[in-house]
Amino acid sequence: MGELIERSEGRLRPAASPRPSRPRGISPSSGPSAPTGPPRAVVRARRPLTPQALVERADVVLRSVEAETVLRIHRRRRELQAALYVDEMHDLASLWSEGDEHDEKTLHALAAAAALRVKLPRGEDRLRDAHVAVEHLPACFARAGRGELPIDWFEWLIRSVLRLAPAQRLQVDERVAAWQLEAIDVERFYSDLRILVEWFGRAAVQESPEEQRGVHLQPSSDSDGTACLMIRGPLPELAAFGHRLDAAARTVQDAQRRALRDGTPIPFDLDGDVARQGEHMSLEALRYEVALRSALTTGAVEVPEPSFRISVVVPVLTLLGLSHAPATLDGTIPIPARMARRLVAQAPAFERVLTDPISGAYLASASRTYRPTAAMAEHLRLIDPICAVPTCSRNVMTIGEADRIEEFDLEHPARGGPTSLDNLHRLCRRHHRLETTGGLDPQRDPRTGATRWRIGDAAVSEVAGNTDLVTRELGARLERAWEQHQADVEVDALTRLGVLDESPAEIADREEAHRWGMHLMEH
């Protein structure tokens with residue numbers, strides 16, 4: 001390997017070679033002279049990282065308050081944070097087992113997410129990272145525990161090797177652990193690690209375009225009623241789709257232009273705006289309408305009509321124009337009050353949902369039948385738009401299943417397990433199956449509405465009942481307004497009675513204080 005890599009302050013850099021350059025498209029690992037392993041060059045620092053060198057890197061004055069702060073932060077991260085991080089990763093790794101069945105891994109991920117107080121996908125990632133750290137990066141993990149490898153660097157190392165095979169991870173671990181990690185600069189670490197990992201081939205460290213195919217809905221963070229539908233995939237496929245969409249929009253625009261000129265029916269004038277304004281739609285608007293309203297084809301697979309409605313929850317004060325509190329779409333996406341009023345004006349029917357004016361809790365309705373009524377199912381979607389299992393983030397407004405916390409008694413319906421909102425919640429299919437098989441065991445407190453979940457034999461988590469946050473906020477504002485009104489009425493009454501008037505002694509004291517102040521100002 002010496003003829004391919006030279007050492008220059010520890011950097012991995014191709015050495016000069018008298019041989020002709022390799023033709024484009026030939027892999028460096030091909031041919032009889034290909035290296036048999038990844039580079040072993042040791043990355044070294046120019047100088048040890050002494051306290052003085054650290055202060056100089058931070059660009060603060062030696063022995064100043066800032067310098068002491070920098071040293072204190074560095075010492076805390078090397079000692080305290082490193083020890084806590086290593087202990088946590090060992091605990092998380094103990095929940096991972098290669099022999100676990102799918103359900104067992106799901107329960108362990110739920111337990112980890114509940115302990116870390118994070119969403120389920122983050123809990124799954126943390127379990128995987130802990131397993132990789134302990135089993136596949138043991139040398140670097142040990143250096144992180146001694147404070148020689150910063151935690152941020154080590155987590156970047158984990159992410160960098162996720163697509164490598166376990167044997168390849170061990171090779172990276174062996175080489176990185178030999179670097180002078182306690183002294184090299186952060187840019188050196190990231191750049192040299194990237195070169196080392198890329199030695200195994202970019203295909204091993206990055207998902208292929210085909211693997212990155214996906215469609216994601218991202219609501220605006222400004223809660224302005226907009227969202228972005230992102231389609232990700234191979235560039236040729238999306239470029240071809242963009243060309244087809246553009247061609248369709250231009251064709252429709254030409255047809256609209258001819259219809260306006262000839263006085264014939266206007267195509268694709270879905271809202272009648274073209275006829276009213278006498279001007280064809282813009283290409284941008286047509287691309288949007290064609291993409292959004294065109295029929296989706298699935299070949300021979302028949303797609304059933306949706307059995308649910310899009311739910312828009314509008315506070316009654318907002319509906320009456322007495323408040324600008326936002327509404328929610330499908331129970332999770334805030335939309336502006338003006339948009340909510342427009343949607344309500346176009347709605348063919350309404351469903352009244354009552355909430356407690358103080359807590360915002362949804363008021364329940366009971367049923368003696370096994371299957372929830374249609375109105376109850378719609379109501380339940382508002383209460384649990386997200387899977388009710390703690391840390392799960394799957395949206396169950398469209399694909400989800402209603403589940404009874406206390407089982408329904410088919411022979412004696414009045415004895416327990418009623419079909420009511422107090423005894424129902426919505427779960428994703430994956431966790432509903434786990435709850436049915438006994439891996440998850442929920443119990444709801446009838447007084448507080450909180451649900452206590454037993455997650456296998458690993459953890460117990462308690463989740464408060466979902467509430468309408470807008471109702472609670474409006475109730476708090478109305479209560480504060482009423483308290484202020486009561487205080488104003490009381491002050492007016494005391495003023496009329498003369499209780500707040502100054503006594504003669506108080507008036508004399510105030511006038512004396514004023515004269516004394518004027519005297520001090522003059523002299």
# chains A, B, ... in the order shown; residues from 1 in each chain; ligands from 1

call {"tool": "residues_around", "arguments": {"residues": "Cys387 of chain A", "least_positions_apart": "4", "cutoff": "7 Å", "atoms": "only C-alpha atoms", "output": "PyMOL selection string"}}
result
chain A and resi 392-396+426-428

call {"tool": "write_last_selection", "arguments": {"atoms": "all heavy atoms", "output": "compact mmCIF listing (two decimals), in the first residue's frame"}}
result
# COMPACT_ATOMS: atom_id res chain seq x y z
N CYS A 392 -44.82 6.26 19.08
CA CYS A 392 -45.11 5.96 17.68
C CYS A 392 -45.57 7.23 16.99
O CYS A 392 -46.35 8.01 17.55
CB CYS A 392 -46.18 4.88 17.56
SG CYS A 392 -46.50 4.38 15.84
N SER A 393 -45.10 7.45 15.76
CA SER A 393 -45.44 8.67 15.04
C SER A 393 -46.21 8.39 13.75
O SER A 393 -46.31 9.26 12.89
CB SER A 393 -44.16 9.44 14.70
OG SER A 393 -43.27 8.64 13.95
N ARG A 394 -46.77 7.18 13.60
CA ARG A 394 -47.50 6.86 12.38
C ARG A 394 -48.87 7.52 12.38
O ARG A 394 -49.63 7.41 13.34
CB ARG A 394 -47.66 5.34 12.24
CG ARG A 394 -46.35 4.60 12.00
CD ARG A 394 -46.61 3.13 11.72
NE ARG A 394 -45.36 2.41 11.51
CZ ARG A 394 -44.65 1.87 12.49
NH1 ARG A 394 -45.09 1.94 13.73
NH2 ARG A 394 -43.52 1.24 12.22
N ASN A 395 -49.20 8.18 11.28
CA ASN A 395 -50.50 8.82 11.13
C ASN A 395 -51.55 7.74 10.84
O ASN A 395 -51.37 6.93 9.93
CB ASN A 395 -50.46 9.83 9.99
CG ASN A 395 -51.70 10.71 9.96
OD1 ASN A 395 -52.81 10.22 9.83
ND2 ASN A 395 -51.50 12.01 10.07
N VAL A 396 -52.62 7.71 11.63
CA VAL A 396 -53.65 6.68 11.48
C VAL A 396 -54.99 7.29 11.09
O VAL A 396 -56.03 6.67 11.27
CB VAL A 396 -53.80 5.85 12.78
CG1 VAL A 396 -52.56 5.03 13.05
CG2 VAL A 396 -54.08 6.76 13.98
N ARG A 426 -57.05 4.60 18.60
CA ARG A 426 -56.66 4.14 17.27
C ARG A 426 -55.19 3.77 17.28
O ARG A 426 -54.35 4.49 17.84
CB ARG A 426 -56.93 5.22 16.21
CG ARG A 426 -58.39 5.30 15.83
CD ARG A 426 -58.63 6.31 14.73
NE ARG A 426 -58.04 5.93 13.45
CZ ARG A 426 -58.57 5.06 12.62
NH1 ARG A 426 -59.71 4.44 12.92
NH2 ARG A 426 -58.00 4.79 11.45
N LEU A 427 -54.87 2.63 16.65
CA LEU A 427 -53.51 2.13 16.58
C LEU A 427 -53.14 1.86 15.12
O LEU A 427 -54.02 1.58 14.29
CB LEU A 427 -53.35 0.83 17.38
CG LEU A 427 -53.80 0.84 18.85
CD1 LEU A 427 -53.62 -0.55 19.45
CD2 LEU A 427 -53.04 1.87 19.64
N CYS A 428 -51.86 1.93 14.82
CA CYS A 428 -51.39 1.47 13.52
C CYS A 428 -51.48 -0.05 13.50
O CYS A 428 -51.56 -0.71 14.55
CB CYS A 428 -49.96 1.96 13.25
SG CYS A 428 -48.71 1.26 14.36

call {"tool": "select_by_dssp", "arguments": {"residues": "segment 126-361 of chain A", "states": "strand (DSSP E or B)", "output": "CSV table (one decimal) with all heavy atoms, in the first residue's frame"}}
result
chain,number,residue,atom,x,y,z
A,214,GLY,N,-39.3,7.8,-3.1
A,214,GLY,CA,-40.3,8.0,-2.0
A,214,GLY,C,-41.1,9.3,-2.3
A,214,GLY,O,-40.7,10.2,-3.0
A,215,VAL,N,-42.2,9.4,-1.6
A,215,VAL,CA,-43.1,10.6,-1.7
A,215,VAL,C,-43.4,11.0,-0.2
A,215,VAL,O,-43.9,10.1,0.6
A,215,VAL,CB,-44.4,10.2,-2.4
A,215,VAL,CG1,-45.3,11.5,-2.5
A,215,VAL,CG2,-44.1,9.8,-3.8
A,216,HIS,N,-43.2,12.2,0.1
A,216,HIS,CA,-43.4,12.7,1.5
A,216,HIS,C,-44.1,14.0,1.5
A,216,HIS,O,-43.9,14.9,0.6
A,216,HIS,CB,-42.0,12.9,2.1
A,216,HIS,CG,-41.1,11.7,2.1
A,216,HIS,ND1,-41.3,10.6,2.9
A,216,HIS,CD2,-40.1,11.4,1.3
A,216,HIS,CE1,-40.4,9.7,2.6
A,216,HIS,NE2,-39.6,10.1,1.7
A,217,LEU,N,-45.1,14.1,2.4
A,217,LEU,CA,-45.9,15.3,2.6
A,217,LEU,C,-45.3,16.1,3.7
A,217,LEU,O,-45.2,15.6,4.8
A,217,LEU,CB,-47.3,15.0,2.8
A,217,LEU,CG,-48.2,16.3,3.1
A,217,LEU,CD1,-48.3,17.1,1.9
A,217,LEU,CD2,-49.6,15.8,3.6
A,218,GLN,N,-44.9,17.3,3.5
A,218,GLN,CA,-44.2,18.2,4.5
A,218,GLN,C,-45.1,19.4,4.7
A,218,GLN,O,-44.9,20.4,3.9
A,218,GLN,CB,-42.8,18.5,4.2
A,218,GLN,CG,-42.0,19.3,5.2
A,218,GLN,CD,-41.9,18.5,6.5
A,218,GLN,OE1,-41.5,17.4,6.5
A,218,GLN,NE2,-42.2,19.2,7.6
A,219,PRO,N,-45.9,19.5,5.8
A,219,PRO,CA,-46.6,20.8,6.0
A,219,PRO,C,-45.7,21.9,6.3
A,219,PRO,O,-44.6,21.7,6.9
A,219,PRO,CB,-47.5,20.5,7.3
A,219,PRO,CG,-47.5,19.0,7.3
A,219,PRO,CD,-46.2,18.5,6.8
A,227,ALA,N,-48.4,23.2,2.1
A,227,ALA,CA,-47.6,22.1,2.3
A,227,ALA,C,-46.8,21.8,1.1
A,227,ALA,O,-47.0,22.4,0.0
A,227,ALA,CB,-48.4,20.8,2.7
A,228,CYS,N,-45.8,20.9,1.2
A,228,CYS,CA,-44.9,20.6,0.1
A,228,CYS,C,-45.0,19.1,-0.1
A,228,CYS,O,-44.7,18.3,0.9
A,228,CYS,CB,-43.5,21.0,0.3
A,228,CYS,SG,-42.3,20.5,-1.0
A,229,LEU,N,-45.3,18.6,-1.3
A,229,LEU,CA,-45.3,17.2,-1.6
A,229,LEU,C,-44.0,16.9,-2.4
A,229,LEU,O,-43.8,17.3,-3.5
A,229,LEU,CB,-46.5,16.8,-2.5
A,229,LEU,CG,-46.7,15.3,-2.7
A,229,LEU,CD1,-47.0,14.6,-1.4
A,229,LEU,CD2,-47.7,15.0,-3.8
A,230,MET,N,-43.1,16.2,-1.7
A,230,MET,CA,-41.7,16.0,-2.3
A,230,MET,C,-41.7,14.6,-2.8
A,230,MET,O,-42.0,13.6,-2.2
A,230,MET,CB,-40.7,16.2,-1.2
A,230,MET,CG,-39.3,16.0,-1.7
A,230,MET,SD,-38.0,16.3,-0.5
A,230,MET,CE,-38.2,14.9,0.6
A,231,ILE,N,-41.3,14.5,-4.1
A,231,ILE,CA,-41.1,13.2,-4.8
A,231,ILE,C,-39.6,13.1,-5.0
A,231,ILE,O,-39.0,13.9,-5.7
A,231,ILE,CB,-41.8,13.2,-6.1
A,231,ILE,CG1,-43.3,13.5,-5.9
A,231,ILE,CG2,-41.7,11.8,-6.8
A,231,ILE,CD1,-44.1,13.5,-7.2
A,232,ARG,N,-39.0,12.0,-4.5
A,232,ARG,CA,-37.6,11.8,-4.6
A,232,ARG,C,-37.3,10.5,-5.3
A,232,ARG,O,-38.0,9.5,-5.1
A,232,ARG,CB,-36.9,11.8,-3.2
A,232,ARG,CG,-35.4,11.7,-3.3
A,232,ARG,CD,-34.8,11.7,-1.9
A,232,ARG,NE,-33.4,11.7,-1.9
A,232,ARG,CZ,-32.6,12.8,-1.9
A,232,ARG,NH1,-33.2,14.0,-1.9
A,232,ARG,NH2,-31.3,12.7,-1.9
A,312,VAL,N,-61.8,18.7,9.3
A,312,VAL,CA,-61.4,20.0,9.7
A,312,VAL,C,-62.0,20.4,11.0
A,312,VAL,O,-63.3,20.6,11.0
A,312,VAL,CB,-61.7,21.0,8.5
A,312,VAL,CG1,-61.2,22.4,8.9
A,312,VAL,CG2,-61.1,20.6,7.2
A,313,VAL,N,-61.2,20.6,12.0
A,313,VAL,CA,-61.8,20.9,13.3
A,313,VAL,C,-61.7,22.5,13.5
A,313,VAL,O,-60.6,23.0,13.5
A,313,VAL,CB,-61.0,20.2,14.5
A,313,VAL,CG1,-61.6,20.6,15.8
A,313,VAL,CG2,-61.1,18.7,14.3
A,327,ALA,N,-57.6,26.4,13.0
A,327,ALA,CA,-58.2,25.1,12.9
A,327,ALA,C,-57.2,24.1,12.7
A,327,ALA,O,-56.0,24.4,12.5
A,327,ALA,CB,-59.3,25.1,11.8
A,328,THR,N,-57.6,22.8,12.7
A,328,THR,CA,-56.6,21.7,12.4
A,328,THR,C,-57.2,20.8,11.3
A,328,THR,O,-58.4,20.6,11.3
A,328,THR,CB,-56.3,20.9,13.6
A,328,THR,OG1,-57.6,20.4,14.2
A,328,THR,CG2,-55.6,21.7,14.6
A,329,LEU,N,-56.4,20.4,10.4
A,329,LEU,CA,-56.7,19.5,9.3
A,329,LEU,C,-56.3,18.1,9.7
A,329,LEU,O,-55.1,17.9,10.0
A,329,LEU,CB,-56.1,19.9,8.0
A,329,LEU,CG,-56.3,19.0,6.8
A,329,LEU,CD1,-57.8,19.1,6.3
A,329,LEU,CD2,-55.4,19.5,5.6
A,333,ILE,N,-52.5,19.0,11.4
A,333,ILE,CA,-51.9,20.1,10.6
A,333,ILE,C,-52.7,21.4,10.9
A,333,ILE,O,-53.9,21.5,10.5
A,333,ILE,CB,-52.0,19.7,9.1
A,333,ILE,CG1,-51.3,18.4,8.9
A,333,ILE,CG2,-51.2,20.8,8.3
A,333,ILE,CD1,-51.5,17.9,7.5
A,334,PRO,N,-52.1,22.4,11.5
A,334,PRO,CA,-52.8,23.7,11.7
A,334,PRO,C,-53.0,24.4,10.4
A,334,PRO,O,-52.2,24.4,9.5
A,334,PRO,CB,-51.8,24.5,12.6
A,334,PRO,CG,-50.8,23.5,13.1
A,334,PRO,CD,-50.7,22.4,12.1
A,335,ILE,N,-54.2,25.0,10.2
A,335,ILE,CA,-54.5,25.8,9.1
A,335,ILE,C,-55.1,27.1,9.5
A,335,ILE,O,-55.7,27.2,10.6
A,335,ILE,CB,-55.5,25.1,8.1
A,335,ILE,CG1,-56.8,24.8,8.9
A,335,ILE,CG2,-54.9,23.8,7.6
A,335,ILE,CD1,-57.9,24.2,7.9
A,355,THR,N,-66.2,19.6,23.4
A,355,THR,CA,-65.0,19.5,24.2
A,355,THR,C,-65.2,20.2,25.6
A,355,THR,O,-66.0,21.1,25.7
A,355,THR,CB,-63.8,20.0,23.5
A,355,THR,OG1,-64.0,21.4,23.3
A,355,THR,CG2,-63.5,19.3,22.2
A,361,ALA,N,-60.7,18.3,26.8
A,361,ALA,CA,-60.9,16.9,26.5
A,361,ALA,C,-62.2,16.7,25.7
A,361,ALA,O,-63.2,17.4,25.9
A,361,ALA,CB,-61.1,16.2,27.9

call {"tool": "atom_distance", "arguments": {"atom1": "atom CA of Arg452 of chain A", "atom2": "atom CA of Glu104 of chain A"}}
result
19.8 Å

call {"tool": "atom_distance", "arguments": {"atom1": "atom CA of His102 of chain A", "atom2": "atom CA of Arg126 of chain A"}}
result
16.8 Å

call {"tool": "closest_residue", "arguments": {"among": "A:Arg143, A:Lys119, A:Arg47, A:Arg57", "to": "Glu79 of chain A", "atoms": "only C-alpha atoms"}}
result
A:Arg143

call {"tool": "atom_distance", "arguments": {"atom1": "atom CA of Thr467 of chain A", "atom2": "atom CA of Gly400 of chain A"}}
result
19.3 Å
